[in-house]
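Next up, query_8.txt (compact mmCIF, C-alpha atoms):
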# COMPACT_ATOMS: atom_id res chain seq x y z
CA MET A 1154 109.39 44.20 102.93
CA ASN A 1155 109.50 41.36 105.34
CA ASP A 1156 107.48 43.37 107.78
CA LYS A 1157 104.81 44.01 105.27
CA LYS A 1158 104.44 40.34 104.56
CA THR A 1159 103.73 39.42 108.12
CA MET A 1160 101.28 42.25 108.35
CA ARG A 1161 99.35 40.87 105.47
CA SER A 1162 99.25 37.37 106.81
CA ARG A 1163 98.02 38.65 110.12
CA LYS A 1164 95.38 40.68 108.44
CA LYS A 1165 94.17 37.72 106.48
CA LYS A 1166 93.57 35.58 109.53
CA PRO A 1167 90.62 37.30 111.19
CA GLN A 1168 88.69 37.35 107.99
CA GLU A 1169 87.53 33.82 108.52
CA MET A 1170 85.91 33.66 111.92
CA ASP A 1171 86.63 30.65 114.07
CA MET A 1172 83.20 29.13 114.54
CA ALA A 1173 84.11 26.11 116.65
CA PRO A 1174 83.81 27.67 120.16
CA MET A 1175 80.50 29.24 119.32
CA ILE A 1176 79.15 25.97 118.02
CA ASP A 1177 80.35 24.21 121.14
CA CYS A 1178 78.53 26.77 123.21
CA VAL A 1179 75.33 26.53 121.19
CA PHE A 1180 75.38 22.76 121.40
CA LEU A 1181 75.77 22.93 125.13
CA LEU A 1182 72.79 25.25 125.43
CA LEU A 1183 70.77 23.08 123.11
CA ILE A 1184 71.47 19.98 125.13
CA PHE A 1185 70.62 21.82 128.36
CA PHE A 1186 67.26 22.99 127.06
CA MET A 1187 66.48 19.62 125.51
CA VAL A 1188 67.13 17.81 128.75
CA SER A 1189 65.30 20.28 130.96
CA THR A 1190 62.10 20.49 128.91
CA THR A 1191 59.20 18.28 129.84
CA PHE A 1192 56.33 18.08 127.44
CA ALA A 1193 54.23 15.70 129.49
CA PRO A 1194 51.04 17.41 130.66
CA MET A 1195 50.13 17.69 134.32
CA PRO A 1196 47.20 15.69 135.63
CA GLY A 1197 44.45 17.61 137.39
CA ILE A 1198 40.75 18.04 137.99
CA ARG A 1199 38.55 20.77 136.60
CA VAL A 1200 36.31 22.37 139.20
CA GLN A 1201 33.40 24.74 139.20
CA LEU A 1202 32.21 27.28 141.67
CA PRO A 1203 28.75 28.76 141.68
CA PRO A 1204 28.67 32.07 139.81
CA PRO A 1205 29.67 34.96 142.02
CA GLY A 1206 27.06 37.33 143.32
CA LYS A 1207 23.78 36.66 144.98
CA PRO A 1208 23.00 33.11 145.96
CA ASN A 1209 20.47 31.48 143.71
CA PRO A 1210 17.08 31.48 145.43
CA ASN A 1211 16.08 28.29 143.64
CA LYS A 1212 17.51 25.22 145.16
CA PRO A 1213 20.35 24.13 142.89
CA LYS A 1214 19.72 20.95 141.02
CA GLY A 1215 22.03 18.14 141.81
CA LEU A 1216 23.38 16.10 144.63
CA ILE A 1217 24.77 17.71 147.72
CA VAL A 1218 27.44 16.11 149.84
CA ARG A 1219 28.20 17.69 153.17
CA ILE A 1220 31.44 17.00 154.93
CA ALA A 1221 32.01 17.87 158.56
CA ASN A 1222 35.30 18.82 160.20
CA PRO A 1223 37.23 15.72 161.23
CA GLU A 1224 36.99 14.86 164.92
CA ALA A 1225 40.12 15.15 167.01
CA GLY A 1226 42.47 12.29 166.25
CA GLN A 1227 40.76 11.39 163.01
CA SER A 1228 41.81 12.27 159.53
CA LYS A 1229 38.43 12.21 157.88
CA GLY A 1230 35.21 13.98 158.71
CA VAL A 1231 31.69 12.60 158.68
CA MET A 1232 29.99 12.77 155.32
CA VAL A 1233 26.31 13.27 154.64
CA LEU A 1234 24.61 12.58 151.34
CA ASN A 1235 20.89 13.30 151.09
CA ASP A 1236 20.56 13.62 154.89
CA GLU A 1237 22.12 10.22 155.47
CA ILE A 1238 25.50 9.57 156.95
CA ILE A 1239 27.56 7.76 154.40
CA GLU A 1240 30.75 5.76 154.70
CA TYR A 1241 33.67 6.37 152.40
CA ASP A 1242 33.60 2.94 150.90
CA ASP A 1243 29.95 3.35 149.97
CA ILE A 1244 30.12 6.68 148.19
CA TYR A 1245 30.80 5.21 144.82
CA ASN A 1246 27.91 2.74 144.86
CA ASN A 1247 25.61 5.28 146.40
CA LEU A 1248 26.33 7.86 143.74
CA LEU A 1249 26.02 5.25 141.03
CA ASP A 1250 22.50 4.40 142.17
CA GLN A 1251 21.25 7.98 142.02
CA PRO A 1252 18.65 8.82 139.37
CA ILE A 1253 20.19 10.06 136.18
CA GLU A 1254 18.60 13.51 136.21
CA ILE A 1255 20.31 14.66 139.37
CA LYS A 1256 23.60 13.04 138.47
CA SER A 1257 24.69 15.95 136.33
CA MET A 1258 26.07 17.92 139.24
CA LEU A 1259 27.53 17.23 142.64
CA ILE A 1260 27.90 20.08 145.06
CA ILE A 1261 30.32 19.72 147.89
CA GLN A 1262 29.57 21.64 151.05
CA SER A 1263 32.47 21.18 153.32
CA GLU A 1264 33.71 22.64 156.56
CA ARG A 1265 36.98 24.49 156.60
CA LEU A 1266 39.20 22.01 158.40
CA VAL A 1267 38.51 19.08 156.11
CA LEU A 1268 41.69 17.98 154.40
CA HIS A 1269 42.10 18.66 150.72
CA GLU A 1270 42.92 15.00 150.11
CA GLN A 1271 39.48 13.99 151.27
CA ILE A 1272 37.78 16.44 148.92
CA ILE A 1273 39.82 15.18 145.97
CA LYS A 1274 38.87 11.63 146.91
CA VAL A 1275 35.17 12.51 146.84
CA ILE A 1276 35.54 14.28 143.48
CA ASP A 1277 37.43 11.30 142.13
CA LEU A 1278 34.73 8.86 143.22
CA ALA A 1279 32.00 11.12 141.88
CA LYS A 1280 33.63 11.39 138.49
CA ARG A 1281 34.06 7.65 138.39
CA ALA A 1282 30.36 7.25 139.20
CA GLY A 1283 29.52 9.28 136.12
CA ILE A 1284 28.94 12.73 137.55
CA GLU A 1285 30.31 15.32 135.16
CA GLY A 1286 30.24 18.54 137.08
CA VAL A 1287 31.57 18.93 140.56
CA GLY A 1288 31.17 22.22 142.32
CA PHE A 1289 31.79 23.77 145.67
CA ALA A 1290 29.43 25.71 147.82
CA VAL A 1291 30.94 28.86 149.23
CA VAL A 1292 29.78 31.24 151.87
CA ALA A 1293 29.23 34.77 150.64
CA ARG A 1294 31.81 37.21 151.97
CA GLU A 1295 31.03 40.72 153.09
CA MET B 1487 94.30 19.66 85.44
CA ALA B 1488 93.95 22.87 87.33
CA LEU B 1489 90.20 22.43 87.44
CA PHE B 1490 90.51 18.97 88.88
CA ARG B 1491 92.74 20.08 91.71
CA LYS B 1492 90.33 22.82 92.67
CA LYS B 1493 87.46 20.42 93.01
CA SER B 1494 89.26 18.05 95.34
CA GLU B 1495 90.33 20.96 97.51
CA ARG B 1496 86.77 22.06 97.98
CA GLU B 1497 85.59 18.67 99.13
CA THR B 1498 87.99 18.55 102.05
CA THR B 1499 86.22 21.33 104.03
CA LEU B 1500 82.95 20.30 105.60
CA GLN B 1501 80.00 22.62 105.09
CA MET B 1502 79.10 23.75 108.60
CA ALA B 1503 76.57 26.47 107.86
CA PRO B 1504 73.43 24.31 107.37
CA MET B 1505 74.15 22.33 110.50
CA ILE B 1506 74.61 25.48 112.53
CA ASP B 1507 71.37 26.88 111.15
CA CYS B 1508 69.62 23.72 112.17
CA VAL B 1509 71.11 23.66 115.64
CA PHE B 1510 70.17 27.29 116.18
CA LEU B 1511 66.63 26.55 115.13
CA LEU B 1512 66.39 23.69 117.60
CA LEU B 1513 67.95 25.80 120.31
CA ILE B 1514 65.44 28.57 119.82
CA PHE B 1515 62.57 26.09 119.77
CA PHE B 1516 63.60 24.50 123.06
CA MET B 1517 64.32 27.85 124.66
CA VAL B 1518 60.89 29.17 123.79
CA SER B 1519 58.94 26.03 124.64
CA SER B 1520 60.59 25.14 127.92
CA VAL B 1521 58.93 26.14 131.16
CA MET B 1522 61.31 26.33 134.06
CA LYS B 1523 60.24 24.74 137.29
CA ASN B 1524 59.51 27.39 139.85
CA GLU B 1525 58.64 26.00 143.22
CA PRO B 1526 58.03 27.75 146.50
CA SER B 1527 60.03 27.23 149.68
CA PHE B 1528 57.51 24.86 151.25
CA THR B 1529 56.93 21.39 149.87
CA VAL B 1530 53.63 20.40 148.32
CA THR B 1531 52.59 16.76 148.03
CA LEU B 1532 49.70 16.49 145.64
CA PRO B 1533 46.76 14.21 146.48
CA ASP B 1534 46.10 11.02 144.53
CA SER B 1535 43.19 10.58 142.20
CA GLU B 1536 42.22 7.96 139.70
CA THR B 1537 40.32 10.22 137.36
CA LYS B 1538 42.43 12.95 135.95
CA HIS B 1539 42.36 15.49 133.21
CA GLU B 1540 45.49 16.66 131.47
CA PHE B 1541 46.63 20.25 131.55
CA PRO B 1542 49.63 21.69 129.76
CA ARG B 1543 52.52 22.82 131.90
CA LYS B 1544 52.47 26.54 132.34
CA LYS B 1545 53.99 29.33 134.33
CA TYR B 1546 52.09 30.88 137.25
CA ASN B 1547 51.06 27.94 139.37
CA LEU B 1548 49.36 28.61 142.65
CA PHE B 1549 50.67 26.58 145.57
CA ILE B 1550 48.85 25.96 148.85
CA GLY B 1551 50.84 24.39 151.65
CA GLN B 1552 49.89 22.31 154.65
CA ASN B 1553 49.96 25.22 157.05
CA ASP B 1554 47.99 27.66 154.92
CA GLU B 1555 51.05 28.92 153.08
CA LEU B 1556 50.28 30.50 149.74
CA ALA B 1557 52.58 31.06 146.81
CA ILE B 1558 52.49 31.85 143.13
CA ASP B 1559 55.49 30.14 141.57
CA ASP B 1560 58.32 30.85 143.99
CA ARG B 1561 56.89 33.99 145.60
CA THR B 1562 54.93 33.72 148.80
CA HIS B 1563 51.70 35.63 149.07
CA ASP B 1564 48.83 36.17 151.43
CA LEU B 1565 45.20 36.22 150.33
CA TYR B 1566 45.21 39.95 149.64
CA SER B 1567 48.44 40.08 147.69
CA MET B 1568 47.33 37.01 145.77
CA GLU B 1569 44.10 38.74 144.86
CA ARG B 1570 46.01 41.79 143.70
CA TRP B 1571 48.45 39.68 141.73
CA LEU B 1572 45.63 37.78 140.05
CA SER B 1573 43.78 40.88 138.98
CA ALA B 1574 47.00 42.41 137.67
CA ASN B 1575 47.97 39.32 135.68
CA GLN B 1576 44.51 38.12 134.82
CA GLU B 1577 44.94 38.14 131.06
CA ARG B 1578 48.10 36.03 131.26
CA ILE B 1579 46.27 33.06 132.76
CA SER B 1580 44.20 30.64 130.73
CA THR B 1581 43.80 27.95 133.35
CA LEU B 1582 44.58 28.75 136.95
CA ILE B 1583 46.50 25.77 138.19
CA ILE B 1584 46.16 25.20 141.91
CA LYS B 1585 48.60 22.82 143.51
CA ALA B 1586 47.28 22.18 146.97
CA ASP B 1587 48.99 19.86 149.41
CA ARG B 1588 47.05 16.75 150.33
CA TYR B 1589 46.90 17.93 153.94
CA ALA B 1590 45.97 21.49 153.10
CA LYS B 1591 42.74 22.64 154.68
CA HIS B 1592 39.75 22.81 152.43
CA GLY B 1593 38.80 26.22 153.80
CA ARG B 1594 42.01 27.70 152.52
CA VAL B 1595 41.58 26.11 149.10
CA ILE B 1596 38.03 27.47 148.92
CA ASP B 1597 39.19 30.95 149.93
CA VAL B 1598 41.67 30.94 147.10
CA MET B 1599 39.31 29.44 144.54
CA GLU B 1600 36.51 31.80 145.37
CA ARG B 1601 38.71 34.88 145.03
CA ALA B 1602 40.13 33.55 141.80
CA LYS B 1603 36.66 32.89 140.48
CA LEU B 1604 35.65 36.50 141.05
CA ILE B 1605 38.63 37.70 139.08
CA LEU B 1606 38.79 35.17 136.26
CA ASP B 1607 36.55 35.64 133.28
CA LYS B 1608 34.50 32.61 132.41
CA GLU B 1609 33.55 33.96 129.00
CA GLU B 1610 37.15 33.94 127.96
CA GLY B 1611 37.47 30.32 128.94
CA GLN B 1612 39.48 30.90 132.07
CA GLU B 1613 38.99 28.09 134.51
CA ILE B 1614 40.35 26.58 137.68
CA ALA B 1615 42.06 23.23 137.94
CA LEU B 1616 43.13 21.33 141.04
CA MET B 1617 46.26 19.34 140.37
CA VAL B 1618 46.65 15.75 141.47
CA SER B 1619 49.72 13.59 141.73
CA GLU B 1620 51.24 12.13 138.60
CA GLU B 1621 51.50 8.66 140.06
CA GLN B 1622 49.27 6.05 138.52
CA LEU B 1623 47.09 4.37 141.10
Entire entry expressed as structure tokens:
Amino acid sequence: MNDKKTMRSRKKKPQEMDMAPMIDCVFLLLIFFMVSTTFAPMPGIRVQLPPPGKPNPNKPKGLIVRIANPEAGQSKGVMVLNDEIIEYDDIYNNLLDQPIEIKSMLIIQSERLVLHEQIIKVIDLAKRAGIEGVGFAVVARE
Amino acid sequence: MALFRKKSERETTLQMAPMIDCVFLLLIFFMVSSVMKNEPSFTVTLPDSETKHEFPRKKYNLFIGQNDELAIDDRTHDLYSMERWLSANQERISTLIIKADRYAKHGRVIDVMERAKLILDKEEGQEIALMVSEEQL
């Protein structure tokens, strides 16, 4: 009789599940995911490349900036805009003065060893001068 | 009298179920929306720029290091394996995010961009973005 009673009380216990440890666990996970999520977007620059395939026989409309490999010991290469050597500090003003119809597009023709930072700088200045599209010239591969 | 006692007994236990539902919902939301940072073995310092566009954080970022290293998330690649990876996972990418180091060579960046351009479909709105540093100039 006594035995039976304890049996019953033991049987009754697992009927109500102990939720506390699970909730602790879920809270921990929740806090982890809340802290580790970042919703802030990443800043970047949209770029264009000429459509793949054959090079366009017509001269592309727009400005062309050519950048040469930096000389030994220097971090920046010589830049040419419209066949004129141009200093970095003058790019912005120079681009700003261009006629509006060719300001829609800037094409960057750059040599391979030019640092990425320099290219970004030119794109940045061009965008600030009101040029919407910036593209890169690429050499066709075999 | 018996009815009264019953009522007061009920009030002593807190109703946990709605709170747990709520917490679960939040948990699932954060689990689904979070993107884990996945960075390659080499460090990439992004260049500065004053003009910047905003792009949502996504998986599958392409990293270009100073010494021509190439990686997609934390896996290193070379140009050929990158090309293969891109064509295999093309439909998973909406904007190809390129994180190139400020001292990366332009030639390498162009190599990557040009290959990506051949694979990505412009009609579906896939585009290329060069990331810049988050610091305000």
Chain A residues near chain B within 6 Å, closest pair each, using all atoms listed in the file, as JSON lines:
{"residue": "A:Leu1183", "atom": "CA", "partner": "B:Leu1513", "partner_atom": "CA", "distance": 4.8}
{"residue": "A:Phe1186", "atom": "CA", "partner": "B:Phe1516", "partner_atom": "CA", "distance": 5.6}
{"residue": "A:Thr1190", "atom": "CA", "partner": "B:Ser1520", "partner_atom": "CA", "distance": 5.0}
{"residue": "A:Pro1194", "atom": "CA", "partner": "B:Pro1542", "partner_atom": "CA", "distance": 4.6}
{"residue": "A:Met1195", "atom": "CA", "partner": "B:Phe1541", "partner_atom": "CA", "distance": 5.1}
{"residue": "A:Pro1196", "atom": "CA", "partner": "B:Glu1540", "partner_atom": "CA", "distance": 4.6}
{"residue": "A:Gly1197", "atom": "CA", "partner": "B:Met1617", "partner_atom": "CA", "distance": 3.9}
{"residue": "A:Ile1198", "atom": "CA", "partner": "B:Leu1616", "partner_atom": "CA", "distance": 5.1}
{"residue": "A:Arg1199", "atom": "CA", "partner": "B:Ala1615", "partner_atom": "CA", "distance": 4.5}
{"residue": "A:Val1200", "atom": "CA", "partner": "B:Ala1615", "partner_atom": "CA", "distance": 5.9}
{"residue": "A:Arg1265", "atom": "CA", "partner": "B:Gly1593", "partner_atom": "CA", "distance": 3.8}
{"residue": "A:Leu1266", "atom": "CA", "partner": "B:Lys1591", "partner_atom": "CA", "distance": 5.2}
{"residue": "A:Val1267", "atom": "CA", "partner": "B:His1592", "partner_atom": "CA", "distance": 5.4}
{"residue": "A:Leu1268", "atom": "CA", "partner": "B:Lys1591", "partner_atom": "CA", "distance": 4.8}
{"residue": "A:His1269", "atom": "CA", "partner": "B:His1592", "partner_atom": "CA", "distance": 5.1}
{"residue": "A:Glu1270", "atom": "CA", "partner": "B:Arg1588", "partner_atom": "CA", "distance": 4.5}
{"residue": "A:Asp1277", "atom": "CA", "partner": "B:Thr1537", "partner_atom": "CA", "distance": 5.7}
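Look at B:His1563: the protein and nucleic acid residues within 12 Å of it, using all atoms listed in the file and passing over chain neighbours fewer than 4 places away, are Pro1526, Ser1527, Leu1548, Phe1549, Ile1550, Gly1551, Asp1554, Glu1555, Leu1556, Ala1557, Ile1558, Asp1559, Ser1567, Met1568, Glu1569, Arg1570, Trp1571, Leu1572 and Val1598 of chain B.
Pairwise distance (atom CA of B:Leu1606, atom CA of A:Gly1288) equals 16.2 Å.
The spacing separating atom CA of A:Phe1289 from atom CA of A:Leu1216 amounts to 11.4 Å.
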Show which residues sit within 6 Å of A:Ile1255, as number ranges by chain. Count only C-alpha atoms, and ignore same-chain residues fewer than 2 positions away. A: 1215, 1253, 1257
Taking the partial coordinates given, rebuild stretch 1517-1538 of chain B to contain N, CA and C atoms; return it as a compact mmCIF listing (two decimals), in the coordinates of the input.
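To be explicit, this is the file written out as result-v8.txt:
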# COMPACT_ATOMS: atom_id res chain seq x y z
N MET B 1517 64.29 26.72 123.73
CA MET B 1517 64.32 27.85 124.66
C MET B 1517 62.94 28.44 124.84
N VAL B 1518 62.21 28.55 123.73
CA VAL B 1518 60.89 29.17 123.79
C VAL B 1518 59.89 28.23 124.46
N SER B 1519 59.98 26.94 124.16
CA SER B 1519 58.94 26.03 124.64
C SER B 1519 59.17 25.54 126.06
N SER B 1520 60.36 25.71 126.59
CA SER B 1520 60.59 25.14 127.92
C SER B 1520 60.03 26.06 129.00
N VAL B 1521 59.44 25.43 129.99
CA VAL B 1521 58.93 26.14 131.16
C VAL B 1521 59.78 25.73 132.33
N MET B 1522 60.43 26.67 132.94
CA MET B 1522 61.31 26.33 134.06
C MET B 1522 60.48 26.04 135.31
N LYS B 1523 60.93 25.08 136.04
CA LYS B 1523 60.24 24.74 137.29
C LYS B 1523 60.48 25.84 138.30
N ASN B 1524 59.41 26.29 138.90
CA ASN B 1524 59.51 27.39 139.85
C ASN B 1524 58.71 27.01 141.08
N GLU B 1525 59.40 26.50 142.07
CA GLU B 1525 58.64 26.00 143.22
C GLU B 1525 58.90 26.83 144.45
N PRO B 1526 57.88 26.93 145.30
CA PRO B 1526 58.03 27.75 146.50
C PRO B 1526 58.91 27.05 147.55
N SER B 1527 59.12 27.76 148.66
CA SER B 1527 60.03 27.23 149.68
C SER B 1527 59.43 26.05 150.43
N PHE B 1528 58.12 26.00 150.54
CA PHE B 1528 57.51 24.86 151.25
C PHE B 1528 57.24 23.73 150.25
N THR B 1529 57.17 22.51 150.78
CA THR B 1529 56.93 21.39 149.87
C THR B 1529 55.44 21.13 149.75
N VAL B 1530 55.03 20.71 148.57
CA VAL B 1530 53.63 20.40 148.32
C VAL B 1530 53.55 18.98 147.78
N THR B 1531 52.82 18.12 148.51
CA THR B 1531 52.59 16.76 148.03
C THR B 1531 51.17 16.71 147.50
N LEU B 1532 51.03 16.46 146.24
CA LEU B 1532 49.70 16.49 145.64
C LEU B 1532 48.91 15.24 146.03
N PRO B 1533 47.59 15.38 146.15
CA PRO B 1533 46.76 14.21 146.48
C PRO B 1533 46.64 13.26 145.29
N ASP B 1534 46.28 12.02 145.60
CA ASP B 1534 46.10 11.02 144.53
C ASP B 1534 44.67 11.06 144.00
N SER B 1535 44.53 10.72 142.77
CA SER B 1535 43.19 10.58 142.20
C SER B 1535 43.27 9.64 141.01
N GLU B 1536 42.21 8.89 140.83
CA GLU B 1536 42.22 7.96 139.70
C GLU B 1536 41.77 8.64 138.42
N THR B 1537 40.75 9.48 138.55
CA THR B 1537 40.32 10.22 137.36
C THR B 1537 41.16 11.48 137.27
N LYS B 1538 41.67 11.73 136.11
CA LYS B 1538 42.43 12.95 135.95
C LYS B 1538 42.31 13.49 134.54
